[in-house]
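Just run-v6.txt here, compact mmCIF, C-alpha atoms:
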```
# COMPACT_ATOMS: atom_id res chain seq x y z
CA MET A 1 3.50 7.00 16.44
CA VAL A 2 6.60 4.91 17.07
CA ASN A 3 8.04 5.63 20.49
CA TYR A 4 11.77 5.78 19.91
CA PRO A 5 13.61 4.39 22.96
CA ASN A 6 16.47 6.85 22.72
CA LYS A 7 14.32 9.85 22.03
CA LYS A 8 15.51 12.85 23.97
CA THR A 9 13.40 15.75 25.02
CA GLY A 10 13.96 19.17 23.56
CA ASN A 11 15.00 17.87 20.16
CA LYS A 12 12.75 20.19 18.24
CA GLN A 13 15.78 21.83 16.69
CA ILE A 14 16.70 18.69 14.76
CA ASN A 15 16.61 19.61 11.14
CA PHE A 16 15.16 16.55 9.45
CA SER A 17 15.54 18.03 6.02
CA ASN A 18 19.32 17.98 6.42
CA ARG A 19 19.37 14.21 6.30
CA GLY A 20 19.87 14.54 2.58
CA ALA A 21 16.38 13.63 1.49
CA THR A 22 15.19 15.56 -1.50
CA LEU A 23 11.89 17.40 -1.51
CA GLU A 24 10.57 14.79 -3.92
CA GLU A 25 11.44 11.98 -1.50
CA ASP A 26 9.82 13.89 1.36
CA ILE A 27 6.63 14.45 -0.63
CA ASN A 28 6.49 10.83 -1.75
CA GLU A 29 6.83 9.70 1.87
CA THR A 30 4.10 12.15 2.85
CA ASN A 31 1.77 10.91 0.11
CA GLU A 32 2.36 7.31 1.20
CA TYR A 33 1.53 8.35 4.76
CA TYR A 34 -1.68 10.07 3.58
CA LEU A 35 -2.72 6.98 1.63
CA ALA A 36 -1.90 4.54 4.45
CA HIS A 37 -3.73 6.71 7.00
CA ASN A 38 -6.71 7.14 4.68
CA LYS A 39 -6.35 10.92 4.49
CA ALA A 40 -5.88 11.58 0.78
CA VAL A 41 -4.98 9.89 -2.51
CA ILE A 42 -2.22 11.98 -4.08
CA HIS A 43 0.46 10.63 -6.41
CA LYS A 44 3.42 11.91 -8.35
CA LYS A 45 2.95 11.62 -12.08
CA PRO A 46 5.59 9.69 -14.01
CA THR A 47 8.27 11.70 -15.79
CA PRO A 48 7.16 12.27 -19.39
CA ILE A 49 9.43 10.46 -21.83
CA GLN A 50 9.52 10.47 -25.63
CA ILE A 51 10.22 6.88 -26.63
CA VAL A 52 12.04 6.46 -29.94
CA LYS A 53 13.30 2.86 -30.04
CA VAL A 54 12.23 -0.28 -28.24
CA ASP A 55 13.89 -3.69 -28.47
CA TYR A 56 11.89 -6.83 -27.81
CA PRO A 57 14.48 -9.42 -26.78
CA ARG A 58 13.25 -13.02 -26.65
CA ARG A 59 11.85 -14.19 -23.34
CA SER A 60 12.51 -10.91 -21.62
CA ALA A 61 10.91 -7.56 -21.05
CA ALA A 62 10.75 -4.92 -23.77
CA LYS A 63 13.84 -2.72 -23.53
CA ILE A 64 13.73 0.95 -24.43
CA THR A 65 17.03 1.79 -26.12
CA GLU A 66 16.42 5.35 -27.21
CA ALA A 67 14.27 7.90 -25.44
CA TYR A 68 14.35 11.54 -24.38
CA PHE A 69 12.97 13.58 -21.54
CA LYS A 70 10.00 15.73 -22.50
CA ILE A 71 9.01 19.00 -20.87
CA ALA A 72 6.09 18.37 -18.54
CA SER A 73 2.87 19.93 -19.81
CA THR A 74 1.23 19.84 -16.39
CA THR A 75 2.45 19.60 -12.80
CA ASP A 76 4.11 16.79 -10.86
CA TYR A 77 1.45 15.94 -8.28
CA ASN A 78 -2.30 15.57 -8.25
CA GLY A 79 -5.03 13.69 -6.47
CA VAL A 80 -8.09 13.86 -4.26
CA TYR A 81 -8.65 15.13 -0.72
CA GLN A 82 -12.17 15.18 0.74
CA GLY A 83 -13.60 14.96 -2.78
CA LYS A 84 -11.64 18.00 -3.91
CA TYR A 85 -9.15 18.00 -6.73
CA ILE A 86 -5.60 18.84 -5.56
CA ASP A 87 -2.84 19.84 -7.99
CA PHE A 88 0.63 21.19 -7.30
CA GLU A 89 4.17 21.61 -8.49
CA ALA A 90 7.07 21.17 -6.05
CA LYS A 91 10.46 22.87 -6.38
CA GLU A 92 13.62 23.22 -4.33
CA THR A 93 15.92 26.20 -4.58
CA GLU A 94 19.48 26.74 -3.35
CA ASN A 95 18.74 30.44 -3.23
CA LEU A 96 18.59 32.04 0.23
CA THR A 97 16.26 34.95 -0.39
CA VAL A 98 14.18 34.45 -3.51
CA PHE A 99 12.58 31.70 -5.59
CA PRO A 100 13.38 32.37 -9.25
CA LEU A 101 10.25 32.02 -11.37
CA SER A 102 12.38 30.45 -14.11
CA ASN A 103 11.95 27.26 -12.05
CA LEU A 104 8.38 27.04 -13.29
CA HIS A 105 7.42 26.55 -16.92
CA LEU A 106 4.84 28.95 -18.30
CA HIS A 107 2.51 26.07 -19.21
CA GLN A 108 2.73 24.79 -15.63
CA ILE A 109 1.49 28.16 -14.37
CA GLU A 110 -1.18 28.04 -17.08
CA HIS A 111 -2.16 24.56 -15.90
CA LEU A 112 -2.46 25.72 -12.27
CA LYS A 113 -4.65 28.58 -13.48
CA ASN A 114 -6.91 26.15 -15.37
CA VAL A 115 -7.20 23.95 -12.29
CA TYR A 116 -8.08 26.94 -10.12
CA GLN A 117 -10.68 28.14 -12.60
CA HIS A 118 -12.32 24.71 -12.61
CA GLY A 119 -12.66 24.70 -8.83
CA GLY A 120 -9.60 22.64 -8.00
CA ILE A 121 -7.04 23.53 -5.31
CA ALA A 122 -3.83 24.58 -7.06
CA PHE A 123 -0.56 25.59 -5.48
CA ILE A 124 3.22 25.47 -5.58
CA LEU A 125 5.25 23.86 -2.81
CA VAL A 126 8.69 25.46 -2.54
CA ARG A 127 11.61 24.54 -0.33
CA PHE A 128 14.50 26.87 0.40
CA LYS A 129 16.98 24.05 0.88
CA LYS A 130 19.75 25.85 2.72
CA LEU A 131 17.28 27.45 5.11
CA ALA A 132 15.26 24.24 5.50
CA ARG A 133 12.05 26.22 5.06
CA THR A 134 9.15 24.90 3.02
CA PHE A 135 6.13 26.89 1.86
CA VAL A 136 2.80 26.36 0.17
CA LEU A 137 1.67 29.25 -2.03
CA PHE A 138 -1.81 28.90 -3.51
CA TYR A 139 -2.46 29.88 -7.10
CA GLU A 140 -4.46 33.03 -6.26
CA GLN A 141 -1.48 34.53 -4.42
CA LEU A 142 0.96 33.31 -7.04
CA GLU A 143 -1.12 35.04 -9.72
CA LYS A 144 -1.19 38.30 -7.76
CA ILE A 145 2.59 38.25 -7.39
CA ILE A 146 3.14 37.43 -11.07
CA ASN A 147 0.71 40.13 -12.22
CA THR A 148 2.34 43.05 -10.42
CA LYS A 149 3.30 45.94 -12.68
CA GLU A 150 7.05 45.40 -12.59
CA MET A 151 8.07 42.25 -14.46
CA THR A 152 8.45 39.85 -11.55
CA ARG A 153 11.19 37.32 -12.05
CA HIS A 154 11.21 35.85 -8.59
CA ILE A 155 9.20 35.48 -5.40
CA LYS A 156 10.82 36.72 -2.20
CA ILE A 157 10.91 34.44 0.81
CA GLU A 158 9.01 37.16 2.72
CA GLN A 159 6.20 36.87 0.18
CA PHE A 160 5.99 33.14 0.85
CA ALA A 161 5.97 33.82 4.58
CA THR A 162 3.22 36.44 4.44
CA GLN A 163 1.09 35.26 1.51
CA GLY A 164 1.69 31.52 1.79
CA PHE A 165 1.75 28.89 4.53
CA GLU A 166 4.97 27.58 6.04
CA ILE A 167 5.10 23.79 6.43
CA GLU A 168 7.15 22.52 9.34
CA THR A 169 9.38 19.60 8.38
CA LYS A 170 8.56 16.65 10.61
CA LEU A 171 9.62 13.07 10.97
CA HIS A 172 6.36 11.51 9.76
CA PRO A 173 4.83 12.72 7.53
CA ARG A 174 7.75 14.82 6.46
CA VAL A 175 5.92 17.62 4.64
CA ASP A 176 2.40 17.78 6.06
CA TYR A 177 0.99 20.04 3.36
CA LEU A 178 -2.63 19.03 3.99
CA LYS A 179 -2.48 21.43 6.95
CA ALA A 180 -2.16 24.31 4.50
CA ILE A 181 -5.05 22.90 2.45
CA ASP A 182 -7.22 22.63 5.56
CA LEU A 183 -6.62 26.31 6.32
CA TYR A 184 -7.30 27.18 2.69
CA ILE A 185 -10.62 25.30 2.74
CA GLN A 186 -11.62 27.07 5.98
CA ILE A 187 -10.91 30.49 4.49
CA ASN A 188 -12.52 29.87 1.09
CA MET B 1 -21.03 23.12 -34.01
CA VAL B 2 -19.46 23.23 -37.44
CA ASN B 3 -22.09 22.97 -40.14
CA TYR B 4 -20.54 20.63 -42.67
CA PRO B 5 -21.63 21.65 -46.18
CA ASN B 6 -21.91 18.07 -47.45
CA LYS B 7 -23.60 16.75 -44.37
CA LYS B 8 -26.37 14.38 -45.29
CA THR B 9 -29.37 13.61 -43.20
CA GLY B 10 -29.78 10.21 -41.68
CA ASN B 11 -26.06 9.59 -41.32
CA LYS B 12 -26.26 8.47 -37.71
CA GLN B 13 -25.00 5.06 -38.74
CA ILE B 14 -21.56 6.40 -39.62
CA ASN B 15 -19.15 4.60 -37.38
CA PHE B 16 -16.49 7.15 -36.52
CA SER B 17 -14.55 4.69 -34.43
CA ASN B 18 -13.83 2.67 -37.58
CA ARG B 19 -11.53 5.37 -38.86
CA GLY B 20 -8.73 3.55 -37.12
CA ALA B 21 -8.31 5.88 -34.17
CA THR B 22 -7.52 4.13 -30.92
CA LEU B 23 -9.53 4.75 -27.79
CA GLU B 24 -6.52 6.59 -26.36
CA GLU B 25 -6.46 8.96 -29.36
CA ASP B 26 -10.19 9.53 -29.04
CA ILE B 27 -9.92 10.32 -25.33
CA ASN B 28 -6.96 12.64 -25.89
CA GLU B 29 -8.94 14.51 -28.53
CA THR B 30 -11.89 14.69 -26.15
CA ASN B 31 -9.73 16.02 -23.32
CA GLU B 32 -8.27 18.66 -25.62
CA TYR B 33 -11.80 19.63 -26.58
CA TYR B 34 -12.82 19.89 -22.92
CA LEU B 35 -9.80 22.07 -22.15
CA ALA B 36 -10.26 24.33 -25.18
CA HIS B 37 -13.98 24.73 -24.42
CA ASN B 38 -13.31 25.36 -20.75
CA LYS B 39 -15.30 22.35 -19.59
CA ALA B 40 -12.76 20.29 -17.66
CA VAL B 41 -9.01 19.83 -17.12
CA ILE B 42 -8.30 16.13 -17.61
CA HIS B 43 -5.00 14.72 -18.81
CA LYS B 44 -3.46 11.35 -19.53
CA LYS B 45 -0.60 10.54 -17.21
CA PRO B 46 2.75 9.71 -18.82
CA THR B 47 3.65 6.03 -19.15
CA PRO B 48 5.73 5.02 -16.12
CA ILE B 49 9.28 4.14 -17.14
CA GLN B 50 12.17 2.74 -15.11
CA ILE B 51 15.24 4.59 -16.36
CA VAL B 52 18.49 2.64 -16.06
CA LYS B 53 21.07 4.46 -18.23
CA VAL B 54 21.26 8.01 -19.50
CA ASP B 55 23.92 9.42 -21.84
CA TYR B 56 24.73 13.10 -21.78
CA PRO B 57 26.18 13.81 -25.22
CA ARG B 58 27.88 17.18 -25.66
CA ARG B 59 25.67 20.03 -26.84
CA SER B 60 22.61 17.87 -27.12
CA ALA B 61 19.75 16.58 -25.04
CA ALA B 62 20.22 13.82 -22.49
CA LYS B 63 19.58 10.47 -24.18
CA ILE B 64 18.05 7.56 -22.31
CA THR B 65 19.76 4.42 -23.59
CA GLU B 66 18.30 1.80 -21.27
CA ALA B 67 14.85 1.86 -19.72
CA TYR B 68 11.93 -0.47 -19.08
CA PHE B 69 8.18 -0.14 -18.89
CA LYS B 70 6.81 -0.26 -15.36
CA ILE B 71 3.37 -1.48 -14.36
CA ALA B 72 1.19 1.54 -13.66
CA SER B 73 0.31 1.85 -9.97
CA THR B 74 -2.67 4.08 -10.65
CA THR B 75 -4.92 4.79 -13.64
CA ASP B 76 -4.26 6.52 -16.94
CA TYR B 77 -6.43 9.62 -16.67
CA ASN B 78 -7.30 12.13 -13.99
CA GLY B 79 -8.29 15.73 -13.57
CA VAL B 80 -10.90 18.18 -12.40
CA TYR B 81 -14.51 18.83 -13.49
CA GLN B 82 -16.62 21.39 -11.62
CA GLY B 83 -14.21 21.18 -8.68
CA LYS B 84 -14.61 17.41 -8.47
CA TYR B 85 -11.79 14.94 -8.80
CA ILE B 86 -12.19 12.64 -11.83
CA ASP B 87 -10.16 9.43 -12.21
CA PHE B 88 -10.52 6.63 -14.74
CA GLU B 89 -8.88 3.82 -16.63
CA ALA B 90 -9.66 3.27 -20.32
CA LYS B 91 -9.48 -0.07 -22.10
CA GLU B 92 -10.35 -1.48 -25.49
CA THR B 93 -11.29 -5.10 -26.06
CA GLU B 94 -11.54 -7.16 -29.24
CA ASN B 95 -14.04 -9.37 -27.45
CA LEU B 96 -17.64 -9.25 -28.69
CA THR B 97 -19.55 -10.20 -25.57
CA VAL B 98 -17.47 -9.68 -22.43
CA PHE B 99 -14.72 -7.47 -21.03
CA PRO B 100 -12.13 -9.72 -19.38
CA LEU B 101 -11.18 -8.33 -15.97
CA SER B 102 -7.60 -9.42 -16.62
CA ASN B 103 -7.37 -6.14 -18.56
CA LEU B 104 -7.31 -4.28 -15.25
CA HIS B 105 -4.53 -4.64 -12.70
CA LEU B 106 -5.63 -5.32 -9.15
CA HIS B 107 -3.86 -2.18 -7.89
CA GLN B 108 -5.77 -0.14 -10.47
CA ILE B 109 -9.06 -1.40 -9.05
CA GLU B 110 -7.68 -0.68 -5.58
CA HIS B 111 -6.79 2.83 -6.70
CA LEU B 112 -10.31 3.44 -8.07
CA LYS B 113 -11.69 2.24 -4.75
CA ASN B 114 -9.46 4.68 -2.85
CA VAL B 115 -10.56 7.53 -5.10
CA TYR B 116 -14.21 6.62 -4.58
CA GLN B 117 -13.78 6.43 -0.81
CA HIS B 118 -12.20 9.89 -0.78
CA GLY B 119 -15.13 11.42 -2.62
CA GLY B 120 -13.70 11.40 -6.12
CA ILE B 121 -15.55 10.18 -9.22
CA ALA B 122 -13.96 6.90 -10.31
CA PHE B 123 -14.85 4.77 -13.32
CA ILE B 124 -13.65 2.60 -16.15
CA LEU B 125 -14.22 3.55 -19.79
CA VAL B 126 -14.41 0.44 -21.96
CA ARG B 127 -14.73 0.14 -25.72
CA PHE B 128 -15.85 -3.00 -27.50
CA LYS B 129 -13.85 -2.25 -30.62
CA LYS B 130 -15.53 -4.54 -33.11
CA LEU B 131 -18.98 -3.41 -32.00
CA ALA B 132 -17.93 0.25 -31.82
CA ARG B 133 -19.69 0.55 -28.46
CA THR B 134 -18.17 2.50 -25.59
CA PHE B 135 -19.30 2.45 -21.96
CA VAL B 136 -18.63 4.22 -18.70
CA LEU B 137 -18.99 2.03 -15.61
CA PHE B 138 -18.64 3.81 -12.27
CA TYR B 139 -16.68 2.23 -9.47
CA GLU B 140 -19.74 1.43 -7.32
CA GLN B 141 -21.19 -0.78 -10.07
CA LEU B 142 -17.79 -2.27 -10.89
CA GLU B 143 -17.39 -3.23 -7.22
CA LYS B 144 -20.83 -4.87 -7.12
CA ILE B 145 -20.01 -6.94 -10.20
CA ILE B 146 -16.60 -7.96 -8.86
CA ASN B 147 -18.01 -8.87 -5.45
CA THR B 148 -20.65 -11.32 -6.66
CA LYS B 149 -20.41 -14.78 -5.15
CA GLU B 150 -19.12 -16.59 -8.21
CA MET B 151 -15.56 -15.57 -9.02
CA THR B 152 -16.21 -13.04 -11.77
CA ARG B 153 -13.54 -13.00 -14.44
CA HIS B 154 -15.28 -10.72 -16.89
CA ILE B 155 -18.03 -8.15 -17.27
CA LYS B 156 -20.74 -8.88 -19.83
CA ILE B 157 -21.65 -6.22 -22.36
CA GLU B 158 -25.23 -6.39 -21.03
CA GLN B 159 -23.92 -5.41 -17.61
CA PHE B 160 -22.25 -2.36 -19.11
CA ALA B 161 -25.51 -1.54 -20.93
CA THR B 162 -27.70 -1.85 -17.85
CA GLN B 163 -25.39 -0.76 -15.02
CA GLY B 164 -23.22 1.71 -16.94
CA PHE B 165 -23.71 4.52 -19.43
CA GLU B 166 -23.19 4.10 -23.16
CA ILE B 167 -21.21 6.90 -24.80
CA GLU B 168 -22.11 7.62 -28.40
CA THR B 169 -19.03 8.09 -30.58
CA LYS B 170 -19.20 11.49 -32.24
CA LEU B 171 -17.04 13.58 -34.49
CA HIS B 172 -16.11 16.21 -31.92
CA PRO B 173 -15.55 15.49 -29.09
CA ARG B 174 -15.18 11.85 -29.97
CA VAL B 175 -15.98 10.28 -26.58
CA ASP B 176 -18.11 12.74 -24.67
CA TYR B 177 -17.80 10.98 -21.31
CA LEU B 178 -18.68 14.09 -19.28
CA LYS B 179 -22.32 13.30 -20.18
CA ALA B 180 -22.08 10.17 -18.06
CA ILE B 181 -20.49 12.18 -15.24
CA ASP B 182 -23.30 14.76 -15.41
CA LEU B 183 -25.87 11.99 -15.01
CA TYR B 184 -23.84 10.49 -12.18
CA ILE B 185 -23.68 13.83 -10.35
CA GLN B 186 -27.45 14.26 -10.77
CA ILE B 187 -28.16 10.84 -9.29
CA ASN B 188 -25.68 11.07 -6.41
```
Any chance you could put this one into structure tokens?
Amino acid sequence: MVNYPNKKTGNKQINFSNRGATLEEDINETNEYYLAHNKAVIHKKPTPIQIVKVDYPRRSAAKITEAYFKIASTTDYNGVYQGKYIDFEAKETENLTVFPLSNLHLHQIEHLKNVYQHGGIAFILVRFKKLARTFVLFYEQLEKIINTKEMTRHIKIEQFATQGFEIETKLHPRVDYLKAIDLYIQIN
Amino acid sequence: MVNYPNKKTGNKQINFSNRGATLEEDINETNEYYLAHNKAVIHKKPTPIQIVKVDYPRRSAAKITEAYFKIASTTDYNGVYQGKYIDFEAKETENLTVFPLSNLHLHQIEHLKNVYQHGGIAFILVRFKKLARTFVLFYEQLEKIINTKEMTRHIKIEQFATQGFEIETKLHPRVDYLKAIDLYIQIN
């Protein structure tokens, strides 16, 4: 830990997530921290791109001149923690009370289900931006919520709070989601 | 197993890998087979691209007009098998006797090492194209070969044969590499 010279006591109220960092940036920083501190090897997958045209200019790198974004067939993050396979999708919402399920693609939910069925640890990591609250919701709970009788189109923040794990935003690592995984491993 | 009506006996010499399919195509087919048969969830990661310019034409999809290939910081394939984290890099070589280590980036070897140290199953999958022979070499053996006193710049095919596992090319799935993982799990 760096001991900041001007650090004041009682600064627990500082809302680090208001510095403007996106959830993706926070997770990338966290994954770098995990790797550097030998805790886990978890990476973000590259964005899937459909490449249509590539130019090969002389003496310089190949240049892609026409390409399109593809819909991801899996999730954004995966890796290994204590030998176990970890897989998750991360999303931010501006919403104050619910997380709209339209933020997840059906095949992403299907992928999380596959991972869970093969013994991996699958979850979604959701940040309510304006509230600066971040939650981990494991696939089992996500499935229960989705499979309720009424056609669920969103997950309430209370459901995250009671059926998921809240992750405190810190300075370093910013989103310490392994804490939720540790609890999950203890319980299961 | 599909029972092909015209199947002849003694056709073991048929070299399926001469049909022109690349190793990547064969592995993708194999991974689809594993997913469809509920054996494992293993995917190829998208190619990492540095996006520089994106056009947003009216009423149509965002078009990337300038982008470059980035060097991959990890490996091409990862996923979950029986709860275990699987991670590998696949390479083809035209060489008849050795696999030049220049085919692997240093940070890819470093990544495989990290995976191994965190309890994941890490390996390289190498095909000698002209010989139609495909091998799995687990990280532990790869490390031993790399760390010999003389500066190793390649791995001999005999080293793959004795320290790795040869994967027979089949019709379906084409590169049944889980067989090597099963043996590895038994031994370890």
Checklist outcome for this item: In Å and to one decimal, atom CA of Tyr77 of chain B is distant from atom CA of Tyr177 of chain A by 23.8 Å
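The residue that comes closest to Tyr116 of chain B, out of A:Ala21, A:Ala40, A:Ile187, A:Ile157 and on the basis of only C-alpha atoms, is A:Ala40.
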Item to check | Nearest candidate to Phe128 of chain A (options A:Ser60, A:Thr97, A:Gln108, A:Thr162; using all atoms listed in the file) | outcome: A:Thr97
Next on the checklist: I need the chain A residues near chain B as a PyMOL selection string; criterion: at most 9 Å, counting only C-alpha atoms.
Outcome noted: chain A and resi 35+38-41+43+45-49+51+61-69+74+78-87+111+114-121
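Each of A:Ala161, A:Val175, A:Leu142, A:Ala36 was compared to Leu101 of chain A using only C-alpha atoms, and A:Leu142 turns out to be the nearest.
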Next on the checklist: Every residue with an atom at most 12 Å from (-12.2, -12.5, -25.0) (file coordinates; all atoms listed in the file) is what I'm after, so could you write them as an NGL selection string?
Outcome noted: :B and (92-103 or 128-130 or 153-157)
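Computed from the coordinates, the atom CA of Thr134 of chain B to atom CA of Ile167 of chain B distance equals 5.4 Å.
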Checklist entry - Which protein, DNA or RNA residues have an atom at most 8 Å from (5.4, 24.8, -3.1), counting only C-alpha atoms? List them as a PyMOL selection string. => result chain A and resi 88-91+123-127+134-137
Next on the checklist: One number please: atom CA of Gln163 of chain A to atom CA of Gln141 of chain A, in Å, one decimal.
Outcome noted: 6.5 Å
To box segment 91-99 of chain B, take all atoms listed in the file, fit an axis-aligned box, add 4 Å on each side, and give centre and edge lengths in Å to one decimal, as AutoDock Vina command-line options.
```
--center_x -14.5 --center_y -5.1 --center_z -25.1 --size_x 18.1 --size_y 18.1 --size_z 16.2
```
